[in-house]
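Down below is the structure, laid out as structure tokens.
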Amino acid sequence: MQALKERHTSRDFRRDPLPPQVLSNLLWAACGINRPASGGRTAPSAHDTQEIGIYVVMADGAYLYDAKANALHLVRVGDLRAWTGLQSFAREAPVSLVYVADFA
């Protein structure tokens with residue numbers, strides 16, 4: 001109950017870049033492969049469809065996270081951060097993660 005009483009919104013975000021290893025760890029935890037033999041991921045999906053993808057948007061461009069290679073692949077050059085959210089802090093965030101689902 002104490003946590004609910006003290007819950008509040010904070011808009012005090014750091015603007016310095018995320019260290020590459022921290023970003024790598026975050027992406028692996030969000031959508032990485034933790035069972036290489038079967039291709040099993042850290043995040044479950046219904047019927048093992050693995051429909052979730054993650055784009056990483058930074059000042060220099062947008063990248064698609066490749067879970068199999070644990071690598072980023074450049075998709076588009078340029079600062080697209082303003083497209084990741086309607087609030088002003090999205091334009092200045094060092095990293096935005098954009099989750100997509102492909103049900104095709």
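For the structure tokens, the naming scheme is as follows: chains receive sequential letters (A, B, ...) according to their order of presentation, residues are indexed from 1 within each chain, and ligands are indexed from 1 in presentation order.
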Residues within 8 Å of segment 62-77 of chain A, only C-alpha atoms, excluding chain neighbours under 2 positions, as a VMD selection string: chain A and resid 24 27 to 28 31 to 33 39 53 to 58 60 79 to 80
Residues flagged strand (DSSP E or B) by DSSP in chain A, as an MDAnalysis selection string: chainID A and resid 33:35 40:41 52:58 61:66 71:77 96:101
Residue subset to file, keeping C-alpha atoms, as a PDB file, in the first residue's frame:
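Resulting contents of result36.pdb:
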ATOM      1  CA  ILE A  33      17.895 -15.731 -27.009  1.00  0.00           C
ATOM      2  CA  ASN A  34      18.668 -17.517 -23.756  1.00  0.00           C
ATOM      3  CA  ARG A  35      18.459 -21.100 -25.062  1.00  0.00           C
ATOM      4  CA  GLY A  40      14.148 -19.904 -26.992  1.00  0.00           C
ATOM      5  CA  ARG A  41      13.876 -16.306 -25.919  1.00  0.00           C
ATOM      6  CA  ILE A  52       7.800  -9.162 -31.282  1.00  0.00           C
ATOM      7  CA  GLY A  53      10.619  -7.067 -32.735  1.00  0.00           C
ATOM      8  CA  ILE A  54      12.457  -4.121 -31.244  1.00  0.00           C
ATOM      9  CA  TYR A  55      13.704  -1.046 -33.046  1.00  0.00           C
ATOM     10  CA  VAL A  56      16.287   1.123 -31.327  1.00  0.00           C
ATOM     11  CA  VAL A  57      16.020   4.821 -32.176  1.00  0.00           C
ATOM     12  CA  MET A  58      18.958   7.100 -31.385  1.00  0.00           C
ATOM     13  CA  GLY A  61      19.455   6.590 -36.783  1.00  0.00           C
ATOM     14  CA  ALA A  62      17.051   3.704 -36.296  1.00  0.00           C
ATOM     15  CA  TYR A  63      18.233   0.135 -35.870  1.00  0.00           C
ATOM     16  CA  LEU A  64      16.516  -3.245 -35.763  1.00  0.00           C
ATOM     17  CA  TYR A  65      17.622  -5.579 -32.985  1.00  0.00           C
ATOM     18  CA  ASP A  66      18.707  -8.981 -34.324  1.00  0.00           C
ATOM     19  CA  ALA A  71      23.368  -7.090 -32.902  1.00  0.00           C
ATOM     20  CA  LEU A  72      21.825  -3.917 -34.275  1.00  0.00           C
ATOM     21  CA  HIS A  73      21.225  -3.439 -38.004  1.00  0.00           C
ATOM     22  CA  LEU A  74      20.896   0.094 -39.334  1.00  0.00           C
ATOM     23  CA  VAL A  75      17.482   0.635 -40.909  1.00  0.00           C
ATOM     24  CA  ARG A  76      17.468   4.397 -41.429  1.00  0.00           C
ATOM     25  CA  VAL A  77      20.017   7.170 -40.973  1.00  0.00           C
ATOM     26  CA  SER A  96      13.964   4.901 -27.491  1.00  0.00           C
ATOM     27  CA  LEU A  97      12.879   1.293 -27.836  1.00  0.00           C
ATOM     28  CA  VAL A  98      10.000   0.773 -30.243  1.00  0.00           C
ATOM     29  CA  TYR A  99       8.256  -2.583 -29.921  1.00  0.00           C
ATOM     30  CA  VAL A 100       6.498  -3.937 -33.001  1.00  0.00           C
ATOM     31  CA  ALA A 101       4.483  -7.085 -33.625  1.00  0.00           C
TER      32      ALA A 101
END
Test item, helix (DSSP H, G or I) assignment across chain A, answer as JSON, numbers by chain: {"A": [2, 3, 4, 5, 6, 20, 21, 22, 23, 24, 25, 26, 27, 28, 29, 30, 31, 46, 47, 48, 81, 82, 83, 84, 88, 89, 90, 91, 92]}
Pick from A:Ala46, A:Ala37, A:Ala59, A:Glu6 nearest to Ala90 of chain A, counting only C-alpha atoms: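 Among A:Ala46, A:Ala37, A:Ala59, A:Glu6, it is A:Ala59 that comes nearest to Ala90 of chain A.
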Å distance separating atom CA of Gln50 of chain A from atom CA of Asn25 of chain A, one decimal place: 19.2 Å
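Candidate residues A:Pro44, A:Pro36, A:Gly78, A:Pro94 were compared for distance to Pro20 of chain A, and the nearest is A:Pro94, using only C-alpha atoms.
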